[in-house]
file coords_11.cif (mmCIF, C-alpha atoms and all ligand atoms)
data_protein
loop_
_atom_site.group_PDB
_atom_site.id
_atom_site.type_symbol
_atom_site.label_atom_id
_atom_site.label_comp_id
_atom_site.auth_asym_id
_atom_site.auth_seq_id
_atom_site.Cartn_x
_atom_site.Cartn_y
_atom_site.Cartn_z
ATOM 1 C CA MET Y 16 0.000 0.000 0.000
ATOM 2 C CA TYR Y 17 2.838 2.373 0.991
ATOM 3 C CA GLN Y 18 4.513 1.717 -2.346
ATOM 4 C CA PHE Y 19 1.291 2.462 -4.246
ATOM 5 C CA PHE Y 20 1.000 5.974 -2.748
ATOM 6 C CA VAL Y 21 4.614 7.069 -2.869
ATOM 7 C CA ASP Y 22 5.338 5.626 -6.323
ATOM 8 C CA LYS Y 23 2.648 7.592 -8.163
ATOM 9 C CA PRO Y 24 4.323 8.700 -11.418
ATOM 10 C CA PHE Y 25 4.501 12.391 -12.378
ATOM 11 C CA LYS Y 26 1.651 13.544 -14.595
ATOM 12 C CA GLU Y 27 2.025 14.706 -18.197
ATOM 13 C CA GLY Y 28 3.210 18.331 -18.295
ATOM 14 C CA THR Y 29 5.079 18.184 -14.950
ATOM 15 C CA ILE Y 30 8.443 19.966 -15.117
ATOM 16 C CA ILE Y 31 11.275 17.995 -13.557
ATOM 17 C CA ASN Y 32 14.525 19.722 -12.532
ATOM 18 C CA ASN Y 33 13.375 23.030 -14.125
ATOM 19 C CA HIS Y 34 13.722 21.947 -17.735
ATOM 20 C CA TYR Y 35 12.381 18.469 -18.425
ATOM 21 C CA GLU Y 36 8.694 18.355 -19.291
ATOM 22 C CA VAL Y 37 7.028 14.974 -18.815
ATOM 23 C CA VAL Y 38 5.395 13.798 -22.081
ATOM 24 C CA ARG Y 39 4.305 10.382 -20.761
ATOM 25 C CA VAL Y 40 5.303 7.390 -18.671
ATOM 26 C CA ILE Y 41 6.885 4.778 -20.949
ATOM 27 C CA GLY Y 42 7.819 2.119 -18.467
ATOM 28 C CA THR Y 43 7.350 1.107 -14.893
ATOM 29 C CA GLY Y 44 9.842 -1.506 -13.814
ATOM 30 C CA SER Y 45 10.393 -3.019 -10.419
ATOM 31 C CA TYR Y 46 12.773 -0.301 -9.320
ATOM 32 C CA GLY Y 47 12.369 2.551 -11.763
ATOM 33 C CA ILE Y 48 9.720 4.750 -13.322
ATOM 34 C CA VAL Y 49 10.683 5.685 -16.876
ATOM 35 C CA TYR Y 50 9.397 8.878 -18.540
ATOM 36 C CA LEU Y 51 9.583 10.275 -22.028
ATOM 37 C CA CYS Y 52 10.390 13.966 -21.499
ATOM 38 C CA LYS Y 53 11.116 17.004 -23.579
ATOM 39 C CA ASP Y 54 14.235 18.986 -22.696
ATOM 40 C CA LEU Y 55 12.832 22.526 -22.848
ATOM 41 C CA ARG Y 56 16.271 23.988 -23.589
ATOM 42 C CA SER Y 57 16.954 21.956 -26.742
ATOM 43 C CA GLN Y 58 13.375 20.749 -27.495
ATOM 44 C CA LYS Y 59 14.874 17.251 -27.797
ATOM 45 C CA ASN Y 60 13.206 14.095 -26.505
ATOM 46 C CA ARG Y 61 14.946 12.495 -23.540
ATOM 47 C CA VAL Y 62 14.205 9.554 -21.302
ATOM 48 C CA ILE Y 63 14.331 10.055 -17.562
ATOM 49 C CA LYS Y 64 14.536 7.124 -15.189
ATOM 50 C CA GLN Y 65 13.513 7.816 -11.617
ATOM 51 C CA LEU Y 66 14.355 5.484 -8.784
ATOM 52 C CA ARG Y 67 10.993 4.460 -7.323
ATOM 53 C CA PRO Y 68 10.535 6.734 -4.274
ATOM 54 C CA SER Y 69 9.634 3.689 -2.137
ATOM 55 C CA LYS Y 70 13.138 2.348 -2.827
ATOM 56 C CA HIS Y 71 14.976 5.431 -1.421
ATOM 57 C CA ARG Y 72 14.916 3.966 2.002
ATOM 58 C CA SER Y 73 17.129 1.152 0.949
ATOM 59 C CA LYS Y 74 20.789 2.081 0.666
ATOM 60 C CA LYS Y 75 21.258 -0.932 -1.583
ATOM 61 C CA GLU Y 76 18.733 0.291 -4.174
ATOM 62 C CA VAL Y 77 20.343 3.741 -4.271
ATOM 63 C CA GLU Y 78 23.718 2.072 -4.746
ATOM 64 C CA LEU Y 79 22.327 -0.015 -7.607
ATOM 65 C CA PHE Y 80 21.009 3.158 -9.242
ATOM 66 C CA GLU Y 81 24.500 4.663 -8.992
ATOM 67 C CA ILE Y 82 26.078 1.507 -10.393
ATOM 68 C CA GLU Y 83 23.680 1.625 -13.361
ATOM 69 C CA THR Y 84 24.654 5.206 -14.187
ATOM 70 C CA SER Y 85 28.347 4.413 -13.811
ATOM 71 C CA PHE Y 86 27.994 1.633 -16.392
ATOM 72 C CA LEU Y 87 26.076 3.898 -18.770
ATOM 73 C CA ARG Y 88 28.877 6.442 -18.467
ATOM 74 C CA THR Y 89 31.442 3.930 -19.751
ATOM 75 C CA LEU Y 90 29.352 2.873 -22.769
ATOM 76 C CA ASN Y 91 29.823 4.377 -26.162
ATOM 77 C CA HIS Y 92 27.714 2.379 -28.577
ATOM 78 C CA LYS Y 93 25.039 3.655 -30.947
ATOM 79 C CA LYS Y 94 22.762 0.752 -29.970
ATOM 80 C CA MET Y 95 22.845 1.604 -26.247
ATOM 81 C CA PRO Y 96 21.573 4.716 -24.431
ATOM 82 C CA ILE Y 97 23.768 7.769 -23.895
ATOM 83 C CA LEU Y 98 23.782 9.102 -20.341
ATOM 84 C CA TYR Y 99 23.332 12.888 -20.220
ATOM 85 C CA GLU Y 100 23.088 13.701 -16.547
ATOM 86 C CA THR Y 101 22.068 12.511 -13.118
ATOM 87 C CA PHE Y 102 20.389 14.634 -10.460
ATOM 88 C CA THR Y 103 18.472 14.466 -7.216
ATOM 89 C CA ASN Y 104 15.365 16.514 -6.616
ATOM 90 C CA ASN Y 105 13.359 16.533 -3.363
ATOM 91 C CA GLU Y 106 15.281 13.416 -2.358
ATOM 92 C CA ASP Y 107 14.308 11.683 -5.593
ATOM 93 C CA PHE Y 108 17.023 10.134 -7.769
ATOM 94 C CA PHE Y 109 16.966 10.599 -11.552
ATOM 95 C CA TYR Y 110 19.110 10.065 -14.581
ATOM 96 C CA VAL Y 111 18.642 11.383 -18.109
ATOM 97 C CA MET Y 112 19.449 9.326 -21.217
ATOM 98 C CA SER Y 113 18.827 9.329 -24.956
ATOM 99 C CA TYR Y 114 15.400 8.280 -26.238
ATOM 100 C CA ILE Y 115 15.299 5.138 -28.359
ATOM 101 C CA GLU Y 116 12.104 5.276 -30.353
ATOM 102 C CA GLY Y 117 11.478 1.529 -30.656
ATOM 103 C CA ASP Y 118 9.145 -0.568 -28.529
ATOM 104 C CA ASN Y 119 10.555 -3.283 -26.342
ATOM 105 C CA LEU Y 120 10.351 -6.875 -27.590
ATOM 106 C CA GLU Y 121 7.974 -7.896 -24.820
ATOM 107 C CA ASP Y 122 5.389 -5.266 -25.843
ATOM 108 C CA GLN Y 123 5.868 -6.101 -29.530
ATOM 109 C CA ILE Y 124 5.253 -9.809 -28.891
ATOM 110 C CA PHE Y 125 2.395 -9.514 -26.391
ATOM 111 C CA TYR Y 126 0.566 -6.357 -27.513
ATOM 112 C CA THR Y 127 1.461 -5.911 -31.185
ATOM 113 C CA LYS Y 128 1.515 -9.736 -31.680
ATOM 114 C CA LYS Y 129 4.741 -9.538 -33.651
ATOM 115 C CA THR Y 130 6.126 -12.936 -34.617
ATOM 116 C CA PHE Y 131 9.590 -14.104 -35.634
ATOM 117 C CA ASN Y 132 10.254 -17.144 -37.794
ATOM 118 C CA GLU Y 133 13.393 -19.223 -37.278
ATOM 119 C CA LYS Y 134 15.561 -17.126 -39.583
ATOM 120 C CA GLU Y 135 14.317 -13.824 -38.116
ATOM 121 C CA SER Y 136 14.863 -15.112 -34.567
ATOM 122 C CA LEU Y 137 18.444 -16.047 -35.441
ATOM 123 C CA GLN Y 138 18.982 -12.636 -37.037
ATOM 124 C CA ILE Y 139 17.850 -10.971 -33.809
ATOM 125 C CA LEU Y 140 20.313 -13.143 -31.895
ATOM 126 C CA GLU Y 141 23.040 -12.109 -34.326
ATOM 127 C CA GLN Y 142 22.471 -8.420 -33.540
ATOM 128 C CA LEU Y 143 22.246 -9.102 -29.825
ATOM 129 C CA LEU Y 144 25.424 -11.130 -29.824
ATOM 130 C CA GLU Y 145 27.322 -8.176 -31.256
ATOM 131 C CA LEU Y 146 26.129 -5.975 -28.381
ATOM 132 C CA VAL Y 147 26.959 -8.601 -25.758
ATOM 133 C CA ASP Y 148 30.403 -8.997 -27.345
ATOM 134 C CA TYR Y 149 30.954 -5.224 -27.057
ATOM 135 C CA LEU Y 150 30.059 -5.366 -23.343
ATOM 136 C CA HIS Y 151 32.126 -8.470 -22.571
ATOM 137 C CA GLN Y 152 35.147 -6.912 -24.267
ATOM 138 C CA LYS Y 153 34.788 -4.076 -21.775
ATOM 139 C CA ASN Y 154 34.540 -6.696 -19.021
ATOM 140 C CA ILE Y 155 30.883 -5.736 -18.422
ATOM 141 C CA TYR Y 156 28.341 -8.526 -17.890
ATOM 142 C CA HIS Y 157 24.743 -7.391 -18.442
ATOM 143 C CA GLN Y 158 23.115 -10.105 -16.251
ATOM 144 C CA ASP Y 159 19.579 -9.034 -17.130
ATOM 145 C CA LEU Y 160 19.224 -9.896 -20.816
ATOM 146 C CA ARG Y 161 15.457 -10.236 -21.192
ATOM 147 C CA ILE Y 162 12.903 -9.219 -23.827
ATOM 148 C CA PRO Y 163 11.723 -6.051 -21.965
ATOM 149 C CA ASN Y 164 15.331 -4.826 -22.055
ATOM 150 C CA ILE Y 165 15.648 -5.083 -25.817
ATOM 151 C CA LEU Y 166 14.155 -2.379 -28.013
ATOM 152 C CA LEU Y 167 13.456 -2.871 -31.683
ATOM 153 C CA LYS Y 168 13.127 0.008 -34.127
ATOM 154 C CA ASN Y 169 12.637 -0.973 -37.789
ATOM 155 C CA ASN Y 170 14.493 -4.269 -37.262
ATOM 156 C CA GLU Y 171 17.355 -2.459 -35.528
ATOM 157 C CA LEU Y 172 18.023 -3.678 -32.039
ATOM 158 C CA PHE Y 173 19.005 -1.648 -28.946
ATOM 159 C CA LEU Y 174 19.982 -2.817 -25.478
ATOM 160 C CA ILE Y 175 18.965 -1.034 -22.258
ATOM 161 C CA ASP Y 176 18.784 -1.467 -18.469
ATOM 162 C CA PHE Y 177 22.202 -1.938 -16.919
ATOM 163 C CA GLY Y 178 20.764 -2.015 -13.393
ATOM 164 C CA LEU Y 179 22.042 -5.525 -12.664
ATOM 165 C CA SER Y 180 25.256 -5.339 -14.707
ATOM 166 C CA LYS Y 181 28.515 -6.418 -13.118
ATOM 167 C CA LEU Y 182 32.151 -5.660 -13.821
ATOM 168 C CA GLY Y 183 34.498 -8.648 -14.116
ATOM 169 C CA LYS Y 184 37.958 -8.786 -12.558
ATOM 170 C CA ALA Y 185 40.906 -7.590 -14.665
ATOM 171 C CA VAL Y 186 42.148 -11.166 -14.894
ATOM 172 C CA GLU Y 187 39.701 -13.747 -16.247
ATOM 173 C CA SER Y 188 38.375 -15.687 -13.257
ATOM 174 C CA ALA Y 189 35.889 -18.483 -12.570
ATOM 175 C CA HIS Y 190 33.491 -15.750 -11.445
ATOM 176 C CA SER Y 191 33.671 -13.844 -14.732
ATOM 177 C CA LEU Y 192 33.222 -17.091 -16.674
ATOM 178 C CA LYS Y 193 30.051 -17.704 -14.631
ATOM 179 C CA MET Y 194 28.744 -14.191 -15.412
ATOM 180 C CA LYS Y 195 29.651 -14.628 -19.082
ATOM 181 C CA GLN Y 196 27.790 -17.924 -19.252
ATOM 182 C CA GLN Y 197 24.776 -16.401 -17.497
ATOM 183 C CA ASP Y 198 24.560 -13.846 -20.336
ATOM 184 C CA TYR Y 199 24.894 -16.689 -22.881
ATOM 185 C CA TYR Y 200 22.146 -18.643 -21.127
ATOM 186 C CA ASP Y 201 19.874 -15.577 -21.255
ATOM 187 C CA LEU Y 202 20.569 -15.290 -24.993
ATOM 188 C CA GLY Y 203 19.341 -18.886 -25.315
ATOM 189 C CA GLU Y 204 16.144 -18.052 -23.441
ATOM 190 C CA ILE Y 205 15.531 -15.004 -25.641
ATOM 191 C CA LEU Y 206 16.043 -17.107 -28.772
ATOM 192 C CA LEU Y 207 13.590 -19.712 -27.498
ATOM 193 C CA TYR Y 208 11.070 -16.972 -26.690
ATOM 194 C CA LEU Y 209 11.282 -15.588 -30.221
ATOM 195 C CA LEU Y 210 10.968 -19.042 -31.775
ATOM 196 C CA TYR Y 211 7.798 -19.678 -29.775
ATOM 197 C CA THR Y 212 6.099 -16.597 -31.273
ATOM 198 C CA THR Y 213 5.213 -18.657 -34.365
ATOM 199 C CA TYR Y 214 4.188 -21.768 -32.429
ATOM 200 C CA THR Y 215 0.570 -22.746 -31.821
ATOM 201 C CA SER Y 216 0.019 -25.716 -29.606
ATOM 202 C CA LYS Y 217 -1.464 -28.819 -31.232
ATOM 203 C CA TYR Y 218 -1.567 -30.784 -28.014
ATOM 204 C CA LYS Y 219 -3.309 -30.290 -24.692
ATOM 205 C CA LYS Y 220 -0.177 -31.179 -22.786
ATOM 206 C CA ALA Y 221 2.906 -28.954 -22.977
ATOM 207 C CA LEU Y 222 5.896 -30.842 -24.349
ATOM 208 C CA PRO Y 223 9.599 -29.920 -24.146
ATOM 209 C CA TRP Y 224 10.688 -27.335 -26.737
ATOM 210 C CA THR Y 225 12.748 -30.009 -28.516
ATOM 211 C CA GLU Y 226 9.486 -31.789 -29.344
ATOM 212 C CA GLU Y 227 7.192 -28.791 -29.834
ATOM 213 C CA LEU Y 228 9.373 -26.769 -32.194
ATOM 214 C CA SER Y 229 10.548 -28.142 -35.501
ATOM 215 C CA LEU Y 230 13.911 -26.486 -36.034
ATOM 216 C CA GLU Y 231 16.983 -27.037 -38.160
ATOM 217 C CA ASN Y 232 19.522 -29.326 -36.432
ATOM 218 C CA GLU Y 233 22.021 -26.450 -36.325
ATOM 219 C CA THR Y 234 19.543 -24.275 -34.398
ATOM 220 C CA VAL Y 235 18.843 -27.079 -31.919
ATOM 221 C CA HIS Y 236 22.593 -27.539 -31.423
ATOM 222 C CA LEU Y 237 23.041 -23.791 -30.789
ATOM 223 C CA LEU Y 238 20.124 -23.655 -28.330
ATOM 224 C CA LYS Y 239 21.232 -26.734 -26.415
ATOM 225 C CA ARG Y 240 24.675 -25.248 -25.819
ATOM 226 C CA LEU Y 241 23.333 -21.774 -24.939
ATOM 227 C CA LEU Y 242 20.863 -23.315 -22.502
ATOM 228 C CA GLN Y 243 23.637 -25.506 -21.106
ATOM 229 C CA ILE Y 244 21.844 -28.755 -21.901
ATOM 230 C CA ASN Y 245 24.981 -29.668 -23.840
ATOM 231 C CA GLU Y 246 28.507 -28.354 -23.214
ATOM 232 C CA PRO Y 247 28.171 -24.627 -22.364
ATOM 233 C CA TYR Y 248 29.923 -22.113 -24.612
ATOM 234 C CA SER Y 249 32.947 -20.325 -23.262
ATOM 235 C CA THR Y 250 33.551 -17.821 -26.069
ATOM 236 C CA ILE Y 251 31.384 -15.576 -28.230
ATOM 237 C CA LYS Y 252 33.355 -16.738 -31.268
ATOM 238 C CA ASP Y 253 32.043 -20.300 -30.795
ATOM 239 C CA ILE Y 254 28.467 -19.014 -30.459
ATOM 240 C CA SER Y 255 28.929 -16.865 -33.540
ATOM 241 C CA ASP Y 256 30.253 -19.816 -35.592
ATOM 242 C CA ASP Y 257 27.284 -22.011 -34.615
ATOM 243 C CA LEU Y 258 24.857 -19.151 -35.176
ATOM 244 C CA HIS Y 259 26.178 -18.640 -38.696
ATOM 245 C CA ALA Y 260 25.855 -22.357 -39.402
ATOM 246 C CA ALA Y 261 22.210 -22.171 -38.229
ATOM 247 C CA LEU Y 262 21.565 -19.090 -40.382
ATOM 248 C CA LYS Y 263 23.079 -20.883 -43.367
ATOM 249 C CA ALA Y 264 20.873 -23.938 -42.779
ATOM 250 C CA ASN Y 265 17.864 -21.604 -42.756
ATOM 251 C CA GLU Y 266 18.897 -19.981 -46.019
ATOM 252 C CA LYS Y 267 18.772 -23.381 -47.725
ATOM 253 C CA VAL Y 268 15.145 -23.681 -46.660
ATOM 254 C CA ASP Y 269 14.026 -20.455 -48.397
HETATM 255 N N1 LIG V 1 16.338 4.943 -23.356
HETATM 256 C C1 LIG V 1 15.117 4.440 -23.565
HETATM 257 N N2 LIG V 1 14.441 4.731 -24.690
HETATM 258 C C2 LIG V 1 13.192 4.252 -24.895
HETATM 259 N N3 LIG V 1 12.513 3.476 -24.018
HETATM 260 C C3 LIG V 1 13.121 3.154 -22.861
HETATM 261 C C4 LIG V 1 14.444 3.607 -22.568
HETATM 262 N N4 LIG V 1 14.781 3.132 -21.347
HETATM 263 C C5 LIG V 1 13.732 2.414 -20.910
HETATM 264 N N5 LIG V 1 12.724 2.418 -21.797
HETATM 265 C C6 LIG V 1 11.397 1.751 -21.664
HETATM 266 O O1 LIG V 1 11.070 1.638 -20.287
HETATM 267 C C7 LIG V 1 10.948 0.263 -19.893
HETATM 268 C C8 LIG V 1 11.504 0.066 -18.476
HETATM 269 O O2 LIG V 1 12.889 0.433 -18.463
HETATM 270 P P1 LIG V 1 13.942 -0.316 -17.556
HETATM 271 O O3 LIG V 1 13.968 -1.774 -17.905
HETATM 272 O O4 LIG V 1 15.240 0.414 -17.658
HETATM 273 O O5 LIG V 1 13.296 -0.112 -16.114
HETATM 274 P P2 LIG V 1 13.452 -1.028 -14.803
HETATM 275 O O6 LIG V 1 12.806 -0.309 -13.689
HETATM 276 O O7 LIG V 1 14.890 -1.407 -14.621
HETATM 277 O O8 LIG V 1 12.609 -2.320 -15.243
HETATM 278 P P3 LIG V 1 12.749 -3.827 -14.731
HETATM 279 O O9 LIG V 1 12.407 -3.862 -13.294
HETATM 280 O O10 LIG V 1 11.744 -4.557 -15.613
HETATM 281 O O11 LIG V 1 14.169 -4.254 -15.011
HETATM 282 C C9 LIG V 1 11.668 -0.536 -20.966
HETATM 283 O O12 LIG V 1 11.144 -1.851 -21.117
HETATM 284 C C10 LIG V 1 11.446 0.318 -22.222
HETATM 285 O O13 LIG V 1 10.218 0.002 -22.817
#
call {"tool": "encode", "arguments": {"input": "coords_11.cif", "output": "structure tokens", "more": "lines below"}}
Ligand SMILES: Nc1ncnc2c1ncn2[C@@H]1O[C@H](COP(=O)(O)OP(=O)(O)OP(=O)(O)O)[C@@H](O)[C@H]1O
result
Amino acid sequence: MYQFFVDKPFKEGTIINNHYEVVRVIGTGSYGIVYLCKDLRSQKNRVIKQLRPSKHRSKKEVELFEIETSFLRTLNHKKMPILYETFTNNEDFFYVMSYIEGDNLEDQIFYTKKTFNEKESLQILEQLLELVDYLHQKNIYHQDLRIPNILLKNNELFLIDFGLSKLGKAVESAHSLKMKQQDYYDLGEILLYLLYTTYTSKYKKALPWTEELSLENETVHLLKRLLQINEPYSTIKDISDDLHAALKANEKVD
């Protein structure tokens, strides 16, 4: 109940920090409220993420908010948000980032009913893999790769939400391998999610994906290693090689 009252989002037209006018709420996650705003100085669209007021009380949540902005500061990729500024206002915590016009994959699948065939699903993975590779090369492990954190704008993919990201040690360790493989596992789950968008159940009973989906052998091989049913991957290069083999197998089908 407490959370319901204190976490009421700002209304359209509210001015935050003297120059950001709220256009609308575009996302309400578990720890942030996300607004599309207009910067009244430049007239440019910006996205402002506010730490949910009910979370202020926890030092840990505030720390996580700071960690997220510190990661954003180190990123320099056109498929990831740019951090413009952070500020506090009436004890509220905010950060300002670039606006990516696409909708997230979750909304596209559940509300817009967008579907992805096998080839399209693999192509999405291909784009995502490039972004994960960029992060891992910087020793950053996203740790929250999920469909609401992927935005799609005219088939171009963007990655957001670094709230759970972790930095690996300078020297490759068992811990960084674990974080790396968690990201790979999440890529497998995303791929499976996309593949299921074209599936309609013929049976009353749910069967394992290996029986429900009819996929090229190369795609099954890729998924089984990503999902750690078979030997887990330890490098992006190996994933990329298997992904290209799966894409090639799908080209033959066309
Ligand atoms: N820079 C951006 N441009 C456009 N839309 C964005 C941007 N950042 C976030 N969003 C939208 O807001 C939603 C919530 O953002 P985000 O995942 O960062 O919040 P969160 O509080 O961390 O959510 P969760 O608890 O689900 O992780 C996203 O799914 C996306 O639709």
call {"tool": "atom_distance", "arguments": {"input": "coords_11.cif", "atom1": "atom CA of Leu167 of chain Y", "atom2": "atom CA of Ala261 of chain Y"}}
result
22.2 Å
call {"tool": "residues_near_ligand", "arguments": {"input": "coords_11.cif", "ligand": "ligand LIG 1 (chain V)", "cutoff": "9 Å", "atoms": "only C-alpha atoms and all ligand atoms", "output": "PyMOL selection string"}}
result
chain Y and resi 40-51+61-67+95-97+111-122+159+161-166+173-179
call {"tool": "closest_atom_pairs", "arguments": {"input": "coords_11.cif", "of": "segment 60-170 of chain Y", "to": "segment 232-238 of chain Y", "cutoff": "10 Å", "atoms": "all atoms listed in the file", "output": "JSON lines"}}
result
{"residue": "Y:Glu133", "atom": "CA", "partner": "Y:Thr234", "partner_atom": "CA", "distance": 8.5}
{"residue": "Y:Lys134", "atom": "CA", "partner": "Y:Thr234", "partner_atom": "CA", "distance": 9.7}
{"residue": "Y:Leu137", "atom": "CA", "partner": "Y:Thr234", "partner_atom": "CA", "distance": 8.4}
call {"tool": "write_last_selection", "arguments": {"input": "coords_11.cif", "atoms": "C-alpha atoms", "output": "tab-separated table (two decimals), keeping the file's coordinate frame"}}
result
chain	number	residue	atom	x	y	z
Y	133	GLU	CA	13.39	-19.22	-37.28
Y	134	LYS	CA	15.56	-17.13	-39.58
Y	137	LEU	CA	18.44	-16.05	-35.44
call {"tool": "atom_distance", "arguments": {"input": "coords_11.cif", "atom1": "atom CA of Asp253 of chain Y", "atom2": "atom CA of Asp148 of chain Y"}}
result
11.9 Å
call {"tool": "resolve_selection", "arguments": {"input": "coords_11.cif", "expression": "the PyMOL selection byres (((chain Y and resi 33) around 12) and not hetatm)", "output": "list in words"}}
result
Gly28, Thr29, Ile30, Ile31, Asn32, His34, Tyr35, Glu36, Val37, Lys53, Asp54, Leu55, Arg56, Phe102 and Asn104 of chain Y
call {"tool": "write_last_selection", "arguments": {"input": "coords_11.cif", "atoms": "C-alpha atoms", "output": "mmCIF file, keeping the file's coordinate frame"}}
result
data_model
loop_
_atom_site.group_PDB
_atom_site.id
_atom_site.type_symbol
_atom_site.label_atom_id
_atom_site.label_comp_id
_atom_site.auth_asym_id
_atom_site.auth_seq_id
_atom_site.Cartn_x
_atom_site.Cartn_y
_atom_site.Cartn_z
ATOM 1 C CA GLY Y 28 3.210 18.331 -18.295
ATOM 2 C CA THR Y 29 5.079 18.184 -14.950
ATOM 3 C CA ILE Y 30 8.443 19.966 -15.117
ATOM 4 C CA ILE Y 31 11.275 17.995 -13.557
ATOM 5 C CA ASN Y 32 14.525 19.722 -12.532
ATOM 6 C CA HIS Y 34 13.722 21.947 -17.735
ATOM 7 C CA TYR Y 35 12.381 18.469 -18.425
ATOM 8 C CA GLU Y 36 8.694 18.355 -19.291
ATOM 9 C CA VAL Y 37 7.028 14.974 -18.815
ATOM 10 C CA LYS Y 53 11.116 17.004 -23.579
ATOM 11 C CA ASP Y 54 14.235 18.986 -22.696
ATOM 12 C CA LEU Y 55 12.832 22.526 -22.848
ATOM 13 C CA ARG Y 56 16.271 23.988 -23.589
ATOM 14 C CA PHE Y 102 20.389 14.634 -10.460
ATOM 15 C CA ASN Y 104 15.365 16.514 -6.616
#
call {"tool": "atom_distance", "arguments": {"input": "coords_11.cif", "atom1": "atom CA of Gln158 of chain Y", "atom2": "atom CA of Lys193 of chain Y"}}
result
10.4 Å
call {"tool": "resolve_selection", "arguments": {"input": "coords_11.cif", "expression": "the PyMOL selection byres (((chain Y and resi 101) around 8) and not hetatm)", "output": "NGL selection string"}}
result
:Y and (84 or 99-100 or 102-103 or 108-111)
call {"tool": "write_last_selection", "arguments": {"input": "coords_11.cif", "atoms": "C-alpha atoms", "output": "short mmCIF file (atom, residue, chain, number, x, y, z; two decimals), keeping the file's coordinate frame"}}
result
data_model
loop_
_atom_site.label_atom_id
_atom_site.label_comp_id
_atom_site.auth_asym_id
_atom_site.auth_seq_id
_atom_site.Cartn_x
_atom_site.Cartn_y
_atom_site.Cartn_z
CA THR Y 84 24.65 5.21 -14.19
CA TYR Y 99 23.33 12.89 -20.22
CA GLU Y 100 23.09 13.70 -16.55
CA PHE Y 102 20.39 14.63 -10.46
CA THR Y 103 18.47 14.47 -7.22
CA PHE Y 108 17.02 10.13 -7.77
CA PHE Y 109 16.97 10.60 -11.55
CA TYR Y 110 19.11 10.06 -14.58
CA VAL Y 111 18.64 11.38 -18.11
#
call {"tool": "closest_residue", "arguments": {"input": "coords_11.cif", "among": "Y:Arg39, Y:His71, Y:Lys23, Y:His157", "to": "Leu87 of chain Y", "atoms": "all atoms listed in the file"}}
result
Y:His157
call {"tool": "resolve_selection", "arguments": {"input": "coords_11.cif", "expression": "the PyMOL selection byres (((chain Y and resi 251) around 9) and not hetatm)", "output": "compact mmCIF listing (two decimals) with C-alpha atoms, in the frame of the given file"}}
result
# COMPACT_ATOMS: atom_id res chain seq x y z
CA LEU Y 144 25.42 -11.13 -29.82
CA GLU Y 145 27.32 -8.18 -31.26
CA VAL Y 147 26.96 -8.60 -25.76
CA ASP Y 148 30.40 -9.00 -27.34
CA TYR Y 199 24.89 -16.69 -22.88
CA TYR Y 248 29.92 -22.11 -24.61
CA SER Y 249 32.95 -20.32 -23.26
CA THR Y 250 33.55 -17.82 -26.07
CA LYS Y 252 33.35 -16.74 -31.27
CA ASP Y 253 32.04 -20.30 -30.80
CA ILE Y 254 28.47 -19.01 -30.46
CA SER Y 255 28.93 -16.86 -33.54
CA ASP Y 256 30.25 -19.82 -35.59
call {"tool": "closest_residue", "arguments": {"input": "coords_11.cif", "among": "Y:Leu140, Y:Leu90, Y:Leu241, Y:Met194", "to": "Lys153 of chain Y", "atoms": "all atoms listed in the file"}}
result
Y:Leu90
call {"tool": "residues_near_point", "arguments": {"input": "coords_11.cif", "point": "(37.7, -6.3, -21.3)", "cutoff": "12 Å", "atoms": "all atoms listed in the file", "output": "list of chain:residue names"}}
result
Y:Val147, Y:Asp148, Y:Tyr149, Y:Leu150, Y:His151, Y:Gln152, Y:Lys153, Y:Asn154, Y:Ile155, Y:Tyr156, Y:Leu182, Y:Gly183, Y:Lys184, Y:Ala185, Y:Val186, Y:Glu187, Y:Ser191, Y:Lys195
call {"tool": "write_last_selection", "arguments": {"input": "coords_11.cif", "atoms": "C-alpha atoms", "output": "JSON list (two decimals), keeping the file's coordinate frame"}}
result
[["chain", "number", "residue", "atom", "x", "y", "z"],
["Y", 147, "VAL", "CA", 26.96, -8.60, -25.76],
["Y", 148, "ASP", "CA", 30.40, -9.00, -27.34],
["Y", 149, "TYR", "CA", 30.95, -5.22, -27.06],
["Y", 150, "LEU", "CA", 30.06, -5.37, -23.34],
["Y", 151, "HIS", "CA", 32.13, -8.47, -22.57],
["Y", 152, "GLN", "CA", 35.15, -6.91, -24.27],
["Y", 153, "LYS", "CA", 34.79, -4.08, -21.78],
["Y", 154, "ASN", "CA", 34.54, -6.70, -19.02],
["Y", 155, "ILE", "CA", 30.88, -5.74, -18.42],
["Y", 156, "TYR", "CA", 28.34, -8.53, -17.89],
["Y", 182, "LEU", "CA", 32.15, -5.66, -13.82],
["Y", 183, "GLY", "CA", 34.50, -8.65, -14.12],
["Y", 184, "LYS", "CA", 37.96, -8.79, -12.56],
["Y", 185, "ALA", "CA", 40.91, -7.59, -14.66],
["Y", 186, "VAL", "CA", 42.15, -11.17, -14.89],
["Y", 187, "GLU", "CA", 39.70, -13.75, -16.25],
["Y", 191, "SER", "CA", 33.67, -13.84, -14.73],
["Y", 195, "LYS", "CA", 29.65, -14.63, -19.08]]
call {"tool": "closest_residue", "arguments": {"input": "coords_11.cif", "among": "Y:Ala260, Y:Leu242, Y:Val38, Y:Leu98", "to": "Ile205 of chain Y", "atoms": "all atoms listed in the file"}}
result
Y:Leu242
call {"tool": "closest_residue", "arguments": {"input": "coords_11.cif", "among": "Y:Glu141, Y:Glu246, Y:Asp257, Y:Asp107", "to": "Phe25 of chain Y", "atoms": "all atoms listed in the file"}}
result
Y:Asp107
